[in-house]
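Novice: Structure provided below as structure tokens; questions to follow.
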Amino acid sequence: MRPPHAHSRPGPGPRLLRAAGPIAAALALVLLAPGGAVAFTAPAEPPVSEGVDLTRQRAHWIDATTVLWPADLDPGGSYALVASADADFAIDDGRITGDHDLLELTPDPDGLTEEQRAARPHLADLSVLEAGEIGEARLRTVLTERLTVVERDADGTVTAATGVQLPGVLDDVYAAAADADLGVTWDAKGLPTLSLWAPTARSVNLELFTAATGGVQRTVPMRRDDRTGVWSVKGGAAWEGRHYTFDVRVFSPYADDGRGAFAANRVTDPYSVALSTDSARSRLVDLDDPDLAPAGWADLTKPDPVGFEDAAIHELHVRDHSVADPTVPADLRGTFAAFGEADSTGMRDLAALARDGMDHVHLLPVFDIASVPEDPADRAESPCDPGSFAPDSAEQQACVGEIRDRDAFNWGYDPYHYTVPEGSYATDPDARITEFRTMVGGLNGAGLRVVMDVVYNHTHQAGQGKQSVLDRVVPGYYQRLNADGGVETSSCCPNTAPEHLMMGRLVVDSVVTWARDHKVDGFRFDLMGHHPKQNMLDVRAALDALTPEEDGVDGEAVLLYGEGWNFGEIADDARFEQATQINMAGTGIGTFNDRLRDAVRGGGPFDADPRVQGFGSGLYTDPNASPANGTEQEQVDRLRRYQDLIKVGLTGNLRDYRFTDSSGREVTGWDVDYNGAPGGYNLSPQEAVTYVDAHDNETLYDALAYKLPPDTPMQDRVRMQALSLGTALLGQGPVLVHAGSERLRSKSLDRNSYDSGDWFNRFSRDCAQGNNFGVGLPPAWDNEDKWVYARPLLADPALVADCAAIDASRDRFGELLRIRESTPAFSLGTAEEIQERLSFPAGDAGEIPGVITMHIDTTGLDEEWTSVTVVFNASPDPAEPRVDALIGGDVALHPVQAGSDDEVVRGSAHDPDRGALNVPPRTVAVFVAD
């Protein structure tokens, strides 16, 4: 994404788009596709043209003896693999010029074996050529040269030729690399060894520097291990703290403007754990060095872990946390170090959330990113005063747009180095490790564990790009390639290929380093569906192997979840079994539940008309007059379907949960339709991360601004915000809440604020500053098509929340969180317990539109109560659902709500004669029975 970050289809949904032109158009088609299992139709690959094309790599060398040719074999022709280390290699007029070696290939009429087809289903129809037995030494040499597969006629004239994709053969020949040391390791004497996997390189030298920039350079040859393809060198104690790069001499098909050439690539270490400013050089450090540890790091006390099914997660951007907080020293605002200011407004607020029941903070990417200058002197400031313009003006977004590639803000889905903290979040990039750890310690001290948002599915650049790392070390290996050898970009950016042995290993190694050496408590995988399921299981196994005794970490307590969207070139398991929503059932690894989100909000993230309503935004019960909502009957029908999806979501989105749907049918969660896909897909409640808003798409407040009738009073907007959040907070399984949703946070209707600067992302915990609604039309590059709807809303001062509204919203949220935290009914833990205890007693064909009633039998589970019943009344009228189990019972409001300052919810009542629960409009009420 400099175009990024388009990708995530429905989930904490798509950050659309940093792309422009054809890529953006293709992604828009992907993301608009219906269904949870997102449809994706890749553009048709051009057929292999007859003739010579050395700019493409259409042949595949998949193991030591098998090469695939991308066309039917010519019965009268012959085939060969041409290897050349000659810079002048060419094929002219059917003749091969330049020094080269020919390896004859024999057609195999039997085609691929079943095992080979299963491993590479997307290549199953290609023609098979056998290379025969190649001597081990010769094979390893050949793999360092320029490789071309040629077809020749009876006269020996080359009639067709193409380059070769190598990941398969590299994984076969260098399988032992899976267990080799990589990066920097330190022995007992404090001596470092540097190791780089570069099996196709002709030479690798270490370039050692005495300074982060400039300085004296020393070039040290590295030794290759032929068994693993790893180049290494051992250094002295004086090397500690030095900066370094590698000089990799390697053939790259992307060099020479895509014509292919041997390149001299000066590149940083893919396994870097420390970097100079702007990531120009890697740095030799030992993460166990006490100088890298803030005070108290060695004895850091973490909050007790919670089961994943009970986790409550607060999604927060590092810069948003403090950049608008005047109680943080000016030089610390927007940095890791701000989390160490325990008496700041922000940290006091996070500690209060923890007391209410929040137990994790999920940080948007904090690894090294490519999109923000790390030296403050290189960053641009706004060329205007955005606060001086009208609330519906286009001037603010124009000011942001002028500097957005050079300012301090970006969500950070632009990976540069995966295992180093981001330098722009440090007061000094050289202090990034210490300050990152200060942040972890500060959050732990506030009662919160730390989750990292990780992005291993793509890189910021590939090929010979300046900020490309992996592809300049082993060209064509770490990135996922299309049929021509070009890098796939369905993620928004150059996709990686974790299905390849060493990319998959890099993911595992990186995650383990963050957990073990930086004490991170959880990982949220961006576009997890672009990873193989096996890769995620390997990550889980590696984390589970970490122990407090050996590693200082209880790896089994580390959370693991991600975006399980199904799209792109790997959709529907086209290349491997993906880590998608449906495939991850039974693994204990969580995926985001877009079903409940869409049902509560209404419509989908990319509706042409953003006024499409849902359960939490007044569908049928409080219509907004948009024709996009359909006729009255269509609204009733859709609302009933939405209510069924929400019920399934309240169970933890269980696949096999049985209940009566709104049509009166006995169904399971799997049977409930979500745009042609199953509604429920989990086997355990911990496998669905429930949410109604996240950093992607409009905030909940902004979505409700579009969807609720424009004249809806602010006090009712507050109630609908709380009710919508309640569907996530009071369900089974983990819940994620976007930072500020508890305070009516707005981004002035910006649906994709990844690069919208501090202005549109501003999050102030001072209610006197409002909620950031009406600070200008959202950026044209991703919202201009919505300006016709946005402009009248932004110009309405009644939609700017005041302190009374913001404080009321925070209070309602805190109450729901405390109810969740203190009540065992919301932590049943297993599918069996949920099926036995949880029901929807008013949920058949007679169900009231806009009202959901959930009853949980807590007999033997809760020492205080025999049942808990929740009524979500999203309508503007009082509701009175009946629950037979409550007839004659001693039923009252949950003590948290009974003590609320919200007079409306306190007006909820129980009629014991009829078992009826009287709930006021736009209210979520929780009743307990003795």
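Going through the structure tokens in order, the chains are called A, B, and so on, while each chain numbers its residues from 1 and the ligands are numbered from 1 in the order shown.
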Just list as a PyMOL selection string whatever in region 308-351 of chain A DSSP marks as strand (DSSP E or B).
Specialist: chain A and resi 312-316
Novice: Which residues are near Tyr271 (chain A)? Cut-off 7 Å, only C-alpha atoms, ignore same chain within fewer than 4 positions. Put them as a list in words.
Specialist: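 Counting only C-alpha atoms, the residues come to Leu182, Gly183 and Thr419 of chain A.
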Novice: Deliver the residues from the most recent selection as a file, using C-alpha atoms, as a JSON list (two decimals), in the first residue's frame.
Specialist:
[["chain", "number", "residue", "atom", "x", "y", "z"],
["A", 182, "LEU", "CA", 19.98, -17.12, 11.55],
["A", 183, "GLY", "CA", 20.53, -13.50, 12.40],
["A", 419, "THR", "CA", 11.42, -7.98, 14.44]]
Novice: Near region 83-96 of chain A, within 9 Å and counting only C-alpha atoms, which residues show up once chain neighbours fewer than 5 positions away are dropped, as a PyMOL selection string?
Specialist: chain A and resi 51-52+54+101-103+142-149+152+156-161+251+261-262
Novice: Might you pull out every residue within 10 Å of region 523-525 of chain A, with only C-alpha atoms counted and same-chain residues fewer than 2 positions away left off, and present them as an NGL selection string?
Specialist: :A and (362-365 or 450-457 or 511 or 514-515 or 520-521 or 527-531 or 536 or 558-564 or 590-592)
Novice: Please save N, CA and C atoms of the selected residues as a tab-separated table (two decimals), in the first residue's frame.
Specialist:
chain	number	residue	atom	x	y	z
A	362	HIS	N	-4.42	-3.97	22.41
A	362	HIS	CA	-3.94	-4.42	21.10
A	362	HIS	C	-3.40	-3.19	20.39
A	363	LEU	N	-2.10	-3.19	20.13
A	363	LEU	CA	-1.43	-2.06	19.50
A	363	LEU	C	-1.35	-2.26	17.99
A	364	LEU	N	-1.83	-1.28	17.22
A	364	LEU	CA	-1.59	-1.32	15.79
A	364	LEU	C	-0.10	-1.41	15.54
A	365	PRO	N	0.34	-1.76	14.32
A	365	PRO	CA	1.74	-2.17	14.11
A	365	PRO	C	2.77	-1.28	14.80
A	450	VAL	N	-0.32	-7.00	26.67
A	450	VAL	CA	-0.02	-6.31	25.42
A	450	VAL	C	-0.13	-7.26	24.23
A	451	VAL	N	-0.92	-6.86	23.24
A	451	VAL	CA	-1.05	-7.59	21.98
A	451	VAL	C	-0.43	-6.75	20.87
A	452	MET	N	0.34	-7.38	20.00
A	452	MET	CA	0.90	-6.71	18.83
A	452	MET	C	0.14	-7.08	17.57
A	453	ASP	N	-0.14	-6.10	16.75
A	453	ASP	CA	-0.68	-6.32	15.41
A	453	ASP	C	0.50	-6.60	14.49
A	454	VAL	N	0.56	-7.80	13.92
A	454	VAL	CA	1.71	-8.18	13.10
A	454	VAL	C	1.27	-8.41	11.64
A	455	VAL	N	2.18	-8.10	10.73
A	455	VAL	CA	1.83	-8.06	9.30
A	455	VAL	C	2.89	-8.82	8.51
A	456	TYR	N	2.79	-10.13	8.54
A	456	TYR	CA	3.75	-10.96	7.83
A	456	TYR	C	3.27	-11.33	6.43
A	457	ASN	N	2.07	-10.92	6.06
A	457	ASN	CA	1.51	-11.36	4.78
A	457	ASN	C	2.01	-10.56	3.59
A	511	VAL	N	7.81	-14.02	15.78
A	511	VAL	CA	6.81	-14.02	16.85
A	511	VAL	C	7.43	-14.47	18.16
A	514	TRP	N	9.48	-11.65	19.76
A	514	TRP	CA	8.65	-10.63	20.42
A	514	TRP	C	8.12	-11.15	21.75
A	515	ALA	N	7.68	-12.39	21.78
A	515	ALA	CA	7.09	-12.93	23.01
A	515	ALA	C	8.15	-13.16	24.08
A	520	VAL	N	5.80	-9.68	24.92
A	520	VAL	CA	4.51	-9.41	24.30
A	520	VAL	C	3.57	-10.57	24.62
A	521	ASP	N	2.30	-10.24	24.89
A	521	ASP	CA	1.35	-11.22	25.41
A	521	ASP	C	0.35	-11.73	24.38
A	527	LEU	N	-4.45	-10.08	7.84
A	527	LEU	CA	-4.72	-10.98	6.71
A	527	LEU	C	-4.21	-12.40	6.97
A	528	MET	N	-4.63	-12.94	8.08
A	528	MET	CA	-4.19	-14.28	8.45
A	528	MET	C	-4.59	-15.32	7.40
A	529	GLY	N	-5.69	-15.07	6.69
A	529	GLY	CA	-6.12	-15.99	5.65
A	529	GLY	C	-5.14	-16.11	4.50
A	530	HIS	N	-4.17	-15.19	4.41
A	530	HIS	CA	-3.11	-15.30	3.41
A	530	HIS	C	-1.96	-16.19	3.88
A	531	HIS	N	-2.08	-16.70	5.12
A	531	HIS	CA	-1.10	-17.65	5.65
A	531	HIS	C	-1.67	-19.07	5.54
A	536	MET	N	0.19	-21.07	10.99
A	536	MET	CA	-0.37	-20.57	12.24
A	536	MET	C	-0.30	-21.63	13.34
A	558	VAL	N	-0.21	-16.80	25.76
A	558	VAL	CA	-0.12	-15.77	24.72
A	558	VAL	C	-1.29	-15.92	23.75
A	559	LEU	N	-2.02	-14.84	23.51
A	559	LEU	CA	-3.18	-14.88	22.61
A	559	LEU	C	-2.73	-14.92	21.16
A	560	LEU	N	-3.57	-15.53	20.32
A	560	LEU	CA	-3.27	-15.62	18.90
A	560	LEU	C	-4.60	-15.53	18.14
A	561	TYR	N	-4.71	-14.49	17.31
A	561	TYR	CA	-5.93	-14.32	16.51
A	561	TYR	C	-5.61	-13.48	15.29
A	562	GLY	N	-6.54	-13.44	14.33
A	562	GLY	CA	-6.25	-12.67	13.13
A	562	GLY	C	-7.43	-12.58	12.19
A	563	GLU	N	-7.17	-11.95	11.05
A	563	GLU	CA	-8.18	-11.75	10.02
A	563	GLU	C	-8.24	-13.00	9.14
A	564	GLY	N	-9.33	-13.71	9.22
A	564	GLY	CA	-9.44	-14.96	8.49
A	564	GLY	C	-10.14	-14.82	7.16
A	590	GLY	N	-8.09	-17.51	17.16
A	590	GLY	CA	-9.28	-16.71	16.90
A	590	GLY	C	-9.29	-16.06	15.53
A	591	THR	N	-10.49	-15.83	15.01
A	591	THR	CA	-10.67	-15.03	13.81
A	591	THR	C	-11.76	-13.99	14.08
A	592	PHE	N	-11.68	-12.87	13.38
A	592	PHE	CA	-12.66	-11.81	13.57
A	592	PHE	C	-14.02	-12.22	13.01
Novice: Extract, using only C-alpha atoms, all DNA, RNA and protein residues at most 12 Å from region 224-234 of chain A, discarding same-chain residues fewer than 5 positions from it, and format them as an MDAnalysis selection string.
Specialist: chainID A and resid 136:141 143:144 170:187 190:208 219 239:240 246:248 473:474 502
Novice: Dump C-alpha atoms for the selected residues as a PDB file, in the first residue's frame?
Specialist:
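Now in again15.pdb:
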ATOM      1  CA  GLU A 136      24.842 -32.404  -5.397  1.00  0.00           C
ATOM      2  CA  ALA A 137      27.696 -29.980  -5.952  1.00  0.00           C
ATOM      3  CA  ARG A 138      26.581 -29.174  -9.471  1.00  0.00           C
ATOM      4  CA  LEU A 139      22.993 -28.643  -8.359  1.00  0.00           C
ATOM      5  CA  ARG A 140      23.971 -26.125  -5.707  1.00  0.00           C
ATOM      6  CA  THR A 141      26.133 -24.246  -8.182  1.00  0.00           C
ATOM      7  CA  LEU A 143      21.013 -22.626  -8.328  1.00  0.00           C
ATOM      8  CA  THR A 144      23.293 -19.597  -8.040  1.00  0.00           C
ATOM      9  CA  LEU A 170      15.222 -24.399  -2.737  1.00  0.00           C
ATOM     10  CA  ASP A 171      12.962 -25.859  -0.066  1.00  0.00           C
ATOM     11  CA  ASP A 172      13.867 -29.347  -1.239  1.00  0.00           C
ATOM     12  CA  VAL A 173      17.620 -28.914  -1.558  1.00  0.00           C
ATOM     13  CA  TYR A 174      18.077 -26.733   1.531  1.00  0.00           C
ATOM     14  CA  ALA A 175      15.551 -28.324   3.883  1.00  0.00           C
ATOM     15  CA  ALA A 176      18.239 -28.449   6.579  1.00  0.00           C
ATOM     16  CA  ALA A 177      18.108 -24.649   6.784  1.00  0.00           C
ATOM     17  CA  ALA A 178      14.944 -25.030   8.865  1.00  0.00           C
ATOM     18  CA  ASP A 179      17.152 -25.778  11.873  1.00  0.00           C
ATOM     19  CA  ALA A 180      20.059 -23.429  11.178  1.00  0.00           C
ATOM     20  CA  ASP A 181      20.896 -20.375  13.253  1.00  0.00           C
ATOM     21  CA  LEU A 182      19.976 -17.124  11.554  1.00  0.00           C
ATOM     22  CA  GLY A 183      20.531 -13.496  12.399  1.00  0.00           C
ATOM     23  CA  VAL A 184      22.908 -12.707  15.253  1.00  0.00           C
ATOM     24  CA  THR A 185      23.605 -15.273  17.955  1.00  0.00           C
ATOM     25  CA  TRP A 186      25.865 -14.785  20.964  1.00  0.00           C
ATOM     26  CA  ASP A 187      27.969 -17.455  22.616  1.00  0.00           C
ATOM     27  CA  GLY A 190      29.819 -12.718  24.357  1.00  0.00           C
ATOM     28  CA  LEU A 191      31.067 -13.331  20.817  1.00  0.00           C
ATOM     29  CA  PRO A 192      28.586 -12.868  17.959  1.00  0.00           C
ATOM     30  CA  THR A 193      27.988 -15.027  14.923  1.00  0.00           C
ATOM     31  CA  LEU A 194      26.094 -13.492  12.005  1.00  0.00           C
ATOM     32  CA  SER A 195      24.176 -15.829   9.712  1.00  0.00           C
ATOM     33  CA  LEU A 196      22.201 -15.142   6.542  1.00  0.00           C
ATOM     34  CA  TRP A 197      20.227 -17.639   4.462  1.00  0.00           C
ATOM     35  CA  ALA A 198      21.140 -16.787   0.868  1.00  0.00           C
ATOM     36  CA  PRO A 199      21.375 -20.094  -1.052  1.00  0.00           C
ATOM     37  CA  THR A 200      21.266 -18.493  -4.501  1.00  0.00           C
ATOM     38  CA  ALA A 201      23.981 -15.933  -3.759  1.00  0.00           C
ATOM     39  CA  ARG A 202      27.366 -16.268  -5.462  1.00  0.00           C
ATOM     40  CA  SER A 203      29.046 -14.468  -2.583  1.00  0.00           C
ATOM     41  CA  VAL A 204      28.095 -12.686   0.632  1.00  0.00           C
ATOM     42  CA  ASN A 205      30.258 -10.244   2.546  1.00  0.00           C
ATOM     43  CA  LEU A 206      29.583  -8.598   5.867  1.00  0.00           C
ATOM     44  CA  GLU A 207      29.992  -4.821   5.827  1.00  0.00           C
ATOM     45  CA  LEU A 208      30.787  -3.655   9.332  1.00  0.00           C
ATOM     46  CA  THR A 219      34.366  -5.817   4.690  1.00  0.00           C
ATOM     47  CA  TRP A 239      31.675  -5.948  17.299  1.00  0.00           C
ATOM     48  CA  GLU A 240      28.878  -5.456  19.814  1.00  0.00           C
ATOM     49  CA  PHE A 246      25.353  -7.530   3.846  1.00  0.00           C
ATOM     50  CA  ASP A 247      26.799  -7.316   0.348  1.00  0.00           C
ATOM     51  CA  VAL A 248      24.899 -10.036  -1.515  1.00  0.00           C
ATOM     52  CA  VAL A 473      18.615 -11.497  -0.392  1.00  0.00           C
ATOM     53  CA  VAL A 474      16.886 -14.447  -2.108  1.00  0.00           C
ATOM     54  CA  MET A 502      12.010 -20.194   5.218  1.00  0.00           C
TER      55      MET A 502
END
Novice: Would you kindly return, as a ChimeraX atom specification, each protein, DNA or RNA residue with an atom no farther than 12 Å from any atom of region 687-689 of chain A, considering only C-alpha atoms and excluding same-chain residues fewer than 5 positions away?
Specialist: /A:11-12,307-313,524,559-564,580-597,648-655,679-682,694,728-729,731-737,829-831
Novice: So that I have them on file, write out the residues from the current selection with C-alpha atoms, as an mmCIF file, in the first residue's frame.
Specialist:
data_model
loop_
_atom_site.group_PDB
_atom_site.id
_atom_site.type_symbol
_atom_site.label_atom_id
_atom_site.label_comp_id
_atom_site.auth_asym_id
_atom_site.auth_seq_id
_atom_site.Cartn_x
_atom_site.Cartn_y
_atom_site.Cartn_z
ATOM 1 C CA GLY A 11 -13.036 -7.404 9.069
ATOM 2 C CA PRO A 12 -11.613 -4.902 11.247
ATOM 3 C CA GLY A 307 -8.467 -17.458 29.116
ATOM 4 C CA PHE A 308 -8.807 -16.339 25.528
ATOM 5 C CA GLU A 309 -12.560 -16.932 25.707
ATOM 6 C CA ASP A 310 -12.712 -14.237 28.423
ATOM 7 C CA ALA A 311 -10.369 -11.685 26.860
ATOM 8 C CA ALA A 312 -11.467 -8.056 26.497
ATOM 9 C CA ILE A 313 -9.162 -6.236 24.099
ATOM 10 C CA ARG A 524 -3.139 -10.273 15.952
ATOM 11 C CA LEU A 559 -3.179 -14.881 22.614
ATOM 12 C CA LEU A 560 -3.274 -15.619 18.902
ATOM 13 C CA TYR A 561 -5.926 -14.322 16.510
ATOM 14 C CA GLY A 562 -6.246 -12.675 13.125
ATOM 15 C CA GLU A 563 -8.179 -11.746 10.025
ATOM 16 C CA GLY A 564 -9.438 -14.965 8.487
ATOM 17 C CA THR A 580 -9.398 -18.673 7.141
ATOM 18 C CA GLN A 581 -12.407 -18.358 9.413
ATOM 19 C CA ILE A 582 -13.893 -21.736 8.553
ATOM 20 C CA ASN A 583 -10.572 -23.600 8.347
ATOM 21 C CA MET A 584 -9.422 -22.436 11.784
ATOM 22 C CA ALA A 585 -12.349 -24.054 13.585
ATOM 23 C CA GLY A 586 -11.021 -26.355 16.271
ATOM 24 C CA THR A 587 -7.551 -24.800 16.470
ATOM 25 C CA GLY A 588 -8.168 -22.434 19.386
ATOM 26 C CA ILE A 589 -6.817 -19.581 17.234
ATOM 27 C CA GLY A 590 -9.280 -16.712 16.903
ATOM 28 C CA THR A 591 -10.672 -15.028 13.808
ATOM 29 C CA PHE A 592 -12.665 -11.807 13.571
ATOM 30 C CA ASN A 593 -16.432 -12.265 13.371
ATOM 31 C CA ASP A 594 -17.684 -9.930 10.654
ATOM 32 C CA ARG A 595 -21.164 -11.500 10.799
ATOM 33 C CA LEU A 596 -22.282 -9.859 14.039
ATOM 34 C CA ARG A 597 -20.513 -6.641 13.092
ATOM 35 C CA VAL A 648 -25.165 -16.857 16.668
ATOM 36 C CA GLY A 649 -22.520 -14.234 17.428
ATOM 37 C CA LEU A 650 -23.635 -14.091 21.065
ATOM 38 C CA THR A 651 -22.873 -17.817 21.362
ATOM 39 C CA GLY A 652 -19.289 -17.260 20.217
ATOM 40 C CA ASN A 653 -20.330 -17.821 16.587
ATOM 41 C CA LEU A 654 -20.613 -21.536 17.152
ATOM 42 C CA ARG A 655 -21.106 -23.724 14.096
ATOM 43 C CA GLY A 679 -23.060 -17.590 9.820
ATOM 44 C CA GLY A 680 -21.546 -19.767 12.538
ATOM 45 C CA TYR A 681 -18.219 -21.464 11.880
ATOM 46 C CA ASN A 682 -16.431 -22.008 15.204
ATOM 47 C CA ALA A 694 -12.143 -1.301 14.722
ATOM 48 C CA ALA A 728 -20.126 -7.677 21.569
ATOM 49 C CA LEU A 729 -19.417 -7.197 25.265
ATOM 50 C CA GLY A 731 -21.536 -12.398 24.150
ATOM 51 C CA GLN A 732 -19.427 -15.502 24.654
ATOM 52 C CA GLY A 733 -15.774 -15.396 23.631
ATOM 53 C CA PRO A 734 -13.194 -12.620 23.292
ATOM 54 C CA VAL A 735 -14.265 -9.072 22.463
ATOM 55 C CA LEU A 736 -12.321 -6.292 20.759
ATOM 56 C CA VAL A 737 -13.212 -2.608 21.109
ATOM 57 C CA GLY A 829 -16.056 -21.407 27.958
ATOM 58 C CA THR A 830 -17.126 -24.424 25.916
ATOM 59 C CA ALA A 831 -19.584 -25.152 23.139
#
Novice: Please list as number ranges by chain every residue within 6 Å of Asp392 (chain A), counting only C-alpha atoms and excluding residues in the same chain fewer than 4 positions away.
Specialist: A: 776-777, 791, 794-795
Novice: Determine the nearest neighbour of His417 (chain A) from the options A:Gly465, A:Ala342, A:Asp278, A:Ala545, counting only C-alpha atoms.
Specialist: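 Closest residue, counting only C-alpha atoms: A:Asp278.
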Novice: So, with only C-alpha atoms as the atoms that count, which of A:Asp902, A:Asp53, A:Glu315, A:Asp288 lies closest to Val924 (chain A)?
Specialist: A:Asp902
Novice: Which one of A:Ser510, A:Ser276, A:Thr210, A:Thr327 sits closest to Ile433 (chain A) if you count only C-alpha atoms?
Specialist: A:Ser276
Novice: When distances are computed from only C-alpha atoms, which of A:Ala71, A:Val636, A:Ala188, A:Leu917 shows the smallest separation from Asp884 (chain A)?
Specialist: A:Leu917
Novice: My list of candidates is A:Val775, A:Ala390, A:Ile646, A:Val361. Which is closest to Phe840 (chain A) when distances are computed with only C-alpha atoms?
Specialist: A:Ile646
Novice: Please indicate the distance in Å from CA of Gly604 (chain A) to CA of Val919 (chain A), rounded to one decimal place.
Specialist: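 Interatomic distance here is 29.0 Å.
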Novice: Of the candidates A:Pro167, A:Pro253, A:Gly357, A:Gly441, which one gets nearest to Phe336 (chain A) if we count only C-alpha atoms?
Specialist: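 Looking at the shortest contact to Phe336 (chain A), the residue is A:Gly441.
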Novice: So that I can check the secondary structure, give me every residue of region 738-887 of chain A assigned alpha helix (DSSP H) by backbone DSSP, as a PyMOL selection string.
Specialist: chain A and resi 757-761+780-783+787-794+803-822+831-837
